[in-house]
Amino acid sequence: MAKVLVNVKNLVKNFDELEVLKDVSLTVNQGEVVSIIGPSGSGKSTFLRCLNALETPTSGTVEIDGNLVTKKHTNINRIRENIGMVFQQFNLFPHMTVLENITMAPVDRGHMTKSEAEKNGLSLLERVGLSEKADSYPKELSGGQQQRVAIARTLAMEPNLMLFDEPTSALDPEMVGEVLAVMKKLAAEGMTMIVVTHEMGFAREVSDRVIFMAGGYIVEQGTPEEIFDHPKEKRTIDFLQKVL
Amino acid sequence: MSLTDILPRLGASLFVTIKLAVISLVLATIIGMVFCLMSISQRKVLNYISMIYLDIIRGTPILVQAFFIYFGVPQLIQSLGFPIRLSPDTAGIITLTINAGAYISEIFRSGIEAVDRGQMEAARSLGLPKSRALIKVIIPQAIRIVIPSLVNQFIISLKDTSILSVIGIRELTQTGKLIIATSFESFKTWSLVALMYLILIKILSVISKKIERSLRNGKSSGKR
């Protein structure tokens, strides 16, 4: 049995009156690539943001690599160091160069010296195909390049779980491919990934498991074949008809 | 009195004005930062303290604040049995500091809030504690945003030094009054006084435009 890396039980999240997550439980094993699909407003992003406590769940528990994220006095910063997150809007730091974006956290958190972090940062940039951009500022890069830098930035902390919150939704169509290619490479290298996405092709091709969420619940989950070729639930069928 | 008699006296008092403004604004920037951090803190007590401070300063004229600090506070302390005297200069610096500090704290707060929320989230998701995220990511960006408002506040405070003439500080305006009291050269004196303020503030805004421009190019904070 593979090691369980993410264990979510009965997660509920309300924003004031609005119930966004109604009762979500999920386990993800080490090395697994899980895609979460579903209509907007279904709670996909909120679910993802609860995993690294960017949102505080109303009730339920989230356990990452044996650490209870939802415990009151947990050292959330330590846990977050092991959870990379890639955002829809990239959120690169505009006042830092590309390389500084990547080296800031490992140096600040004492994982590496500055020179180690720079060496590591350059090799990460090579991995995402942006070696020549080390000294550029984020605004000088295209959206696809920015998102690849953002991926390199999270990798610099050597996380054992990566969360992707609609990583290609803010990109021009011709730039989606380059970001997905980097993500595919990561998946092939055995990174544990949870990806909220509208890219059905990516979900089908790369995921070990696809989760369909709607109305604050996990409606259906299974292998890509099960979900895309033989969906059982009516809501899944309706959704897939609209997007495929 | 001729121009050659008036100018040196005004020139000397201009330095008093500059000294008052510089000392007060340096202190006010520090105080403003402290109260700004208090106002965005998660501790309710600190929020309230900074809110009360801001309300008091915003809700009273600086003239009253100057009188209160120069005449009111020493009387209170003396009545408690501590013999203290406040020089006009000290009282003036305190007044300007707490006055500008309140406005600067609001300027800083609005600057921090103007930084995109995703920046804090990105920094926190990398494992940075809130304080480190503020220092490394939020504040450097907020500073760029606030520079125009900050300079504007500096200009207001610089001009507010003239109000401190009421407690007898021999700054530019007070010196102008004293010159006229003996020479009756109102037009000449006030023209020169106005011109001196004007030039001083013009210099300040030119410098700030330069800083703004260099920050906008994004090079000044980069170490590489």
# chains A, B, ... in the order shown; residues from 1 in each chain; ligands from 1
call {"tool": "interface_residues", "arguments": {"of": "chain A", "to": "chain B", "cutoff": "8 Å", "atoms": "only C-alpha atoms", "output": "list in words"}}
result
Asn52, Leu54, Ile76, Asn77, Arg78, Ile79, Arg80, Glu81, Ile83, Gly84, Met85, Phe87, Gln89, Asn91, Leu92, Phe93, His95, Met96, Thr97, Ala105, Asp108, Arg109, Asp135, Thr154 and Met157 of chain A
call {"tool": "select_by_dssp", "arguments": {"residues": "region 15-157 of chain A", "states": "strand (DSSP E)", "output": "JSON, numbers by chain"}}
result
{"A": [15, 18, 19, 20, 21, 22, 23, 24, 25, 26, 27, 28, 29, 33, 34, 35, 36, 37, 59, 60, 61, 62, 63, 64, 67, 68, 83, 84, 85, 86]}
call {"tool": "residues_around", "arguments": {"residues": "Lys159 (chain B)", "least_positions_apart": "2", "cutoff": "12 Å", "atoms": "only C-alpha atoms", "output": "PDB file with N, CA, C and O atoms, in the first residue's frame"}}
result
ATOM      1  N   LEU B  14      14.672  79.798   8.192  1.00  0.00           N
ATOM      2  CA  LEU B  14      14.289  78.725   7.277  1.00  0.00           C
ATOM      3  C   LEU B  14      14.902  77.407   7.732  1.00  0.00           C
ATOM      4  O   LEU B  14      14.286  76.352   7.643  1.00  0.00           O
ATOM      5  N   THR B  17      12.869  75.910  10.421  1.00  0.00           N
ATOM      6  CA  THR B  17      11.719  75.228   9.821  1.00  0.00           C
ATOM      7  C   THR B  17      12.113  73.860   9.269  1.00  0.00           C
ATOM      8  O   THR B  17      11.446  72.860   9.532  1.00  0.00           O
ATOM      9  N   ILE B  18      13.221  73.832   8.529  1.00  0.00           N
ATOM     10  CA  ILE B  18      13.668  72.554   7.945  1.00  0.00           C
ATOM     11  C   ILE B  18      13.992  71.550   9.047  1.00  0.00           C
ATOM     12  O   ILE B  18      13.593  70.386   8.985  1.00  0.00           O
ATOM     13  N   LEU B  20      12.860  71.439  12.151  1.00  0.00           N
ATOM     14  CA  LEU B  20      11.600  70.985  12.762  1.00  0.00           C
ATOM     15  C   LEU B  20      10.940  69.913  11.910  1.00  0.00           C
ATOM     16  O   LEU B  20      10.516  68.863  12.409  1.00  0.00           O
ATOM     17  N   ALA B  21      10.838  70.207  10.615  1.00  0.00           N
ATOM     18  CA  ALA B  21      10.132  69.301   9.715  1.00  0.00           C
ATOM     19  C   ALA B  21      10.855  67.965   9.600  1.00  0.00           C
ATOM     20  O   ALA B  21      10.236  66.905   9.691  1.00  0.00           O
ATOM     21  N   ILE B  62      -4.743  71.022  14.359  1.00  0.00           N
ATOM     22  CA  ILE B  62      -3.348  70.959  14.791  1.00  0.00           C
ATOM     23  C   ILE B  62      -3.011  72.140  15.723  1.00  0.00           C
ATOM     24  O   ILE B  62      -2.193  72.016  16.629  1.00  0.00           O
ATOM     25  N   LEU B  96       3.976  68.063  15.836  1.00  0.00           N
ATOM     26  CA  LEU B  96       4.076  67.667  14.424  1.00  0.00           C
ATOM     27  C   LEU B  96       4.217  66.161  14.269  1.00  0.00           C
ATOM     28  O   LEU B  96       3.635  65.558  13.365  1.00  0.00           O
ATOM     29  N   ALA B 100       1.448  64.183  12.221  1.00  0.00           N
ATOM     30  CA  ALA B 100       1.781  63.529  10.952  1.00  0.00           C
ATOM     31  C   ALA B 100       1.788  62.018  11.102  1.00  0.00           C
ATOM     32  O   ALA B 100       1.412  61.293  10.182  1.00  0.00           O
ATOM     33  N   ASN B 152       3.134  63.936  -0.220  1.00  0.00           N
ATOM     34  CA  ASN B 152       2.072  64.903  -0.013  1.00  0.00           C
ATOM     35  C   ASN B 152       1.921  65.253   1.467  1.00  0.00           C
ATOM     36  O   ASN B 152       1.805  66.414   1.847  1.00  0.00           O
ATOM     37  N   GLN B 153       1.980  64.214   2.324  1.00  0.00           N
ATOM     38  CA  GLN B 153       1.886  64.443   3.770  1.00  0.00           C
ATOM     39  C   GLN B 153       3.109  65.219   4.258  1.00  0.00           C
ATOM     40  O   GLN B 153       2.988  66.100   5.111  1.00  0.00           O
ATOM     41  N   PHE B 154       4.282  64.920   3.729  1.00  0.00           N
ATOM     42  CA  PHE B 154       5.485  65.659   4.108  1.00  0.00           C
ATOM     43  C   PHE B 154       5.303  67.148   3.786  1.00  0.00           C
ATOM     44  O   PHE B 154       5.674  68.018   4.569  1.00  0.00           O
ATOM     45  N   ILE B 155       4.720  67.427   2.623  1.00  0.00           N
ATOM     46  CA  ILE B 155       4.516  68.818   2.220  1.00  0.00           C
ATOM     47  C   ILE B 155       3.520  69.503   3.162  1.00  0.00           C
ATOM     48  O   ILE B 155       3.744  70.623   3.619  1.00  0.00           O
ATOM     49  N   ILE B 156       2.440  68.795   3.490  1.00  0.00           N
ATOM     50  CA  ILE B 156       1.456  69.363   4.417  1.00  0.00           C
ATOM     51  C   ILE B 156       2.108  69.664   5.765  1.00  0.00           C
ATOM     52  O   ILE B 156       1.952  70.746   6.329  1.00  0.00           O
ATOM     53  N   SER B 157       2.890  68.687   6.272  1.00  0.00           N
ATOM     54  CA  SER B 157       3.522  68.878   7.578  1.00  0.00           C
ATOM     55  C   SER B 157       4.550  70.006   7.547  1.00  0.00           C
ATOM     56  O   SER B 157       4.677  70.767   8.508  1.00  0.00           O
ATOM     57  N   THR B 161       4.384  73.575   9.927  1.00  0.00           N
ATOM     58  CA  THR B 161       5.349  74.151  10.875  1.00  0.00           C
ATOM     59  C   THR B 161       5.037  75.626  11.108  1.00  0.00           C
ATOM     60  O   THR B 161       5.305  76.155  12.178  1.00  0.00           O
ATOM     61  N   SER B 162       4.425  76.276  10.118  1.00  0.00           N
ATOM     62  CA  SER B 162       4.125  77.699  10.279  1.00  0.00           C
ATOM     63  C   SER B 162       3.100  77.927  11.391  1.00  0.00           C
ATOM     64  O   SER B 162       3.118  78.962  12.054  1.00  0.00           O
ATOM     65  N   ILE B 163       2.232  76.924  11.604  1.00  0.00           N
ATOM     66  CA  ILE B 163       1.243  77.038  12.682  1.00  0.00           C
ATOM     67  C   ILE B 163       1.939  77.068  14.037  1.00  0.00           C
ATOM     68  O   ILE B 163       1.473  77.681  14.992  1.00  0.00           O
ATOM     69  N   LEU B 164       3.112  76.424  14.102  1.00  0.00           N
ATOM     70  CA  LEU B 164       3.822  76.365  15.375  1.00  0.00           C
ATOM     71  C   LEU B 164       4.379  77.724  15.796  1.00  0.00           C
ATOM     72  O   LEU B 164       4.882  77.888  16.898  1.00  0.00           O
ATOM     73  N   SER B 165       4.276  78.714  14.914  1.00  0.00           N
ATOM     74  CA  SER B 165       4.670  80.062  15.320  1.00  0.00           C
ATOM     75  C   SER B 165       3.834  80.538  16.512  1.00  0.00           C
ATOM     76  O   SER B 165       4.304  81.347  17.302  1.00  0.00           O
ATOM     77  N   GLU B 171      10.533  79.929  13.856  1.00  0.00           N
ATOM     78  CA  GLU B 171      10.698  79.367  12.518  1.00  0.00           C
ATOM     79  C   GLU B 171      10.391  80.472  11.518  1.00  0.00           C
ATOM     80  O   GLU B 171      10.287  81.645  11.877  1.00  0.00           O
ATOM     81  N   LEU B 172      10.231  80.113  10.272  1.00  0.00           N
ATOM     82  CA  LEU B 172      10.145  81.092   9.206  1.00  0.00           C
ATOM     83  C   LEU B 172       8.993  82.092   9.391  1.00  0.00           C
ATOM     84  O   LEU B 172       9.192  83.306   9.312  1.00  0.00           O
ATOM     85  N   THR B 173       7.807  81.596   9.661  1.00  0.00           N
ATOM     86  CA  THR B 173       6.641  82.476   9.776  1.00  0.00           C
ATOM     87  C   THR B 173       6.759  83.425  10.969  1.00  0.00           C
ATOM     88  O   THR B 173       6.499  84.633  10.863  1.00  0.00           O
ATOM     89  N   VAL B 193       8.887  85.267   2.563  1.00  0.00           N
ATOM     90  CA  VAL B 193       8.531  84.072   3.343  1.00  0.00           C
ATOM     91  C   VAL B 193       7.838  83.064   2.427  1.00  0.00           C
ATOM     92  O   VAL B 193       8.191  81.877   2.382  1.00  0.00           O
ATOM     93  N   ALA B 194       6.853  83.557   1.664  1.00  0.00           N
ATOM     94  CA  ALA B 194       6.108  82.667   0.767  1.00  0.00           C
ATOM     95  C   ALA B 194       7.035  82.019  -0.243  1.00  0.00           C
ATOM     96  O   ALA B 194       6.965  80.810  -0.510  1.00  0.00           O
ATOM     97  N   MET B 196      10.158  81.394   0.024  1.00  0.00           N
ATOM     98  CA  MET B 196      11.031  80.384   0.637  1.00  0.00           C
ATOM     99  C   MET B 196      10.298  79.060   0.818  1.00  0.00           C
ATOM    100  O   MET B 196      10.849  77.987   0.539  1.00  0.00           O
ATOM    101  N   TYR B 197       9.057  79.126   1.314  1.00  0.00           N
ATOM    102  CA  TYR B 197       8.271  77.892   1.413  1.00  0.00           C
ATOM    103  C   TYR B 197       8.121  77.248   0.038  1.00  0.00           C
ATOM    104  O   TYR B 197       8.278  76.037  -0.139  1.00  0.00           O
ATOM    105  N   LEU B 198       7.802  78.082  -0.919  1.00  0.00           N
ATOM    106  CA  LEU B 198       7.560  77.592  -2.279  1.00  0.00           C
ATOM    107  C   LEU B 198       8.759  76.841  -2.834  1.00  0.00           C
ATOM    108  O   LEU B 198       8.636  75.725  -3.356  1.00  0.00           O
ATOM    109  N   LEU B 200      11.275  75.556  -1.186  1.00  0.00           N
ATOM    110  CA  LEU B 200      11.541  74.353  -0.382  1.00  0.00           C
ATOM    111  C   LEU B 200      10.661  73.191  -0.830  1.00  0.00           C
ATOM    112  O   LEU B 200      11.122  72.060  -1.027  1.00  0.00           O
ATOM    113  N   ILE B 201       9.383  73.486  -1.017  1.00  0.00           N
ATOM    114  CA  ILE B 201       8.442  72.430  -1.378  1.00  0.00           C
ATOM    115  C   ILE B 201       8.662  71.972  -2.819  1.00  0.00           C
ATOM    116  O   ILE B 201       8.533  70.793  -3.137  1.00  0.00           O
TER     117      ILE B 201
END
call {"tool": "closest_residue", "arguments": {"among": "A:Asp65, A:Glu226, A:Glu189, A:Asp172", "to": "Ile211 (chain A)", "atoms": "only C-alpha atoms"}}
result
A:Glu226
call {"tool": "select_by_dssp", "arguments": {"residues": "region 146-176 of chain A", "states": "alpha helix (DSSP H)", "output": "list in words"}}
result
Gln146, Gln147, Arg148, Val149, Ala150, Ile151, Ala152, Arg153, Thr154, Leu155, Pro173, Glu174, Met175 and Val176 of chain A
call {"tool": "residues_around", "arguments": {"residues": "Gln65 (chain B)", "least_positions_apart": "5", "cutoff": "10 Å", "atoms": "only C-alpha atoms", "output": "list in words"}}
result
Ile56, Ile57, Thr60, Tyr70, Phe71, Gly72, Ala91, Gly92, Ile94, Thr95, Leu96, Ile98 and Asn99 of chain B
call {"tool": "atom_distance", "arguments": {"atom1": "CA of Ile167 (chain B)", "atom2": "CA of Leu204 (chain B)"}}
result
26.0 Å
call {"tool": "closest_residue", "arguments": {"among": "A:Arg148, A:Lys22, A:Arg209, A:Arg49", "to": "Thr192 (chain A)", "atoms": "only C-alpha atoms"}}
result
A:Arg209
call {"tool": "residues_around", "arguments": {"residues": "region 176-188 of chain B", "least_positions_apart": "5", "cutoff": "12 Å", "atoms": "only C-alpha atoms", "output": "JSON, numbers by chain"}}
result
{"B": [1, 2, 3, 4, 5, 6, 7, 8, 9, 10, 11, 12, 13, 14, 162, 165, 166, 168, 169, 170, 171, 193, 194, 195, 196]}
call {"tool": "atom_distance", "arguments": {"atom1": "CA of Met51 (chain B)", "atom2": "CA of Ser105 (chain B)"}}
result
10.4 Å
call {"tool": "residues_around", "arguments": {"residues": "Val176 (chain A)", "least_positions_apart": "6", "cutoff": "12 Å", "atoms": "only C-alpha atoms", "output": "list of chain:residue names"}}
result
A:Gln88, A:Ser142, A:Gly143, A:Gly144, A:Gln145, A:Gln146, A:Gln147, A:Arg148, A:Glu166, A:Pro167, A:Thr168, A:Ser169, A:Ala170, A:Val182, A:Met183, A:Thr197, A:His198, A:Glu199, A:Gly201, A:Phe202
call {"tool": "write_last_selection", "arguments": {"atoms": "C-alpha atoms", "output": "PDB file, in the first residue's frame"}}
result
ATOM      1  CA  GLN A  88      -4.269  30.998 -11.269  1.00  0.00           C
ATOM      2  CA  SER A 142       4.664  36.245 -20.831  1.00  0.00           C
ATOM      3  CA  GLY A 143       1.894  34.635 -18.771  1.00  0.00           C
ATOM      4  CA  GLY A 144       3.099  31.145 -19.573  1.00  0.00           C
ATOM      5  CA  GLN A 145       6.648  32.031 -18.585  1.00  0.00           C
ATOM      6  CA  GLN A 146       5.433  33.609 -15.356  1.00  0.00           C
ATOM      7  CA  GLN A 147       3.517  30.493 -14.440  1.00  0.00           C
ATOM      8  CA  ARG A 148       6.556  28.326 -15.122  1.00  0.00           C
ATOM      9  CA  GLU A 166      -6.502  26.451 -12.148  1.00  0.00           C
ATOM     10  CA  PRO A 167      -2.915  27.042 -13.283  1.00  0.00           C
ATOM     11  CA  THR A 168      -3.763  27.643 -16.939  1.00  0.00           C
ATOM     12  CA  SER A 169      -7.052  29.553 -16.644  1.00  0.00           C
ATOM     13  CA  ALA A 170      -5.463  33.001 -16.837  1.00  0.00           C
ATOM     14  CA  VAL A 182       6.069  21.313 -17.165  1.00  0.00           C
ATOM     15  CA  MET A 183       3.302  19.828 -15.032  1.00  0.00           C
ATOM     16  CA  THR A 197      -8.401  22.370 -13.719  1.00  0.00           C
ATOM     17  CA  HIS A 198     -10.625  23.028 -16.680  1.00  0.00           C
ATOM     18  CA  GLU A 199      -8.149  21.281 -18.985  1.00  0.00           C
ATOM     19  CA  GLY A 201      -7.257  16.765 -21.885  1.00  0.00           C
ATOM     20  CA  PHE A 202      -4.678  17.179 -19.125  1.00  0.00           C
TER      21      PHE A 202
END
call {"tool": "residues_around", "arguments": {"residues": "Lys242 (chain A)", "least_positions_apart": "6", "cutoff": "12 Å", "atoms": "only C-alpha atoms", "output": "PDB file with C-alpha atoms, in the first residue's frame"}}
result
ATOM      1  CA  GLY A  38     -16.425  20.552 -11.949  1.00  0.00           C
ATOM      2  CA  PRO A  39     -18.542  23.615 -12.676  1.00  0.00           C
ATOM      3  CA  HIS A 198     -10.625  23.028 -16.680  1.00  0.00           C
ATOM      4  CA  MET A 200      -9.990  18.028 -19.571  1.00  0.00           C
ATOM      5  CA  ARG A 235     -24.473  15.565 -12.918  1.00  0.00           C
ATOM      6  CA  THR A 236     -21.153  14.280 -14.170  1.00  0.00           C
TER       7      THR A 236
END
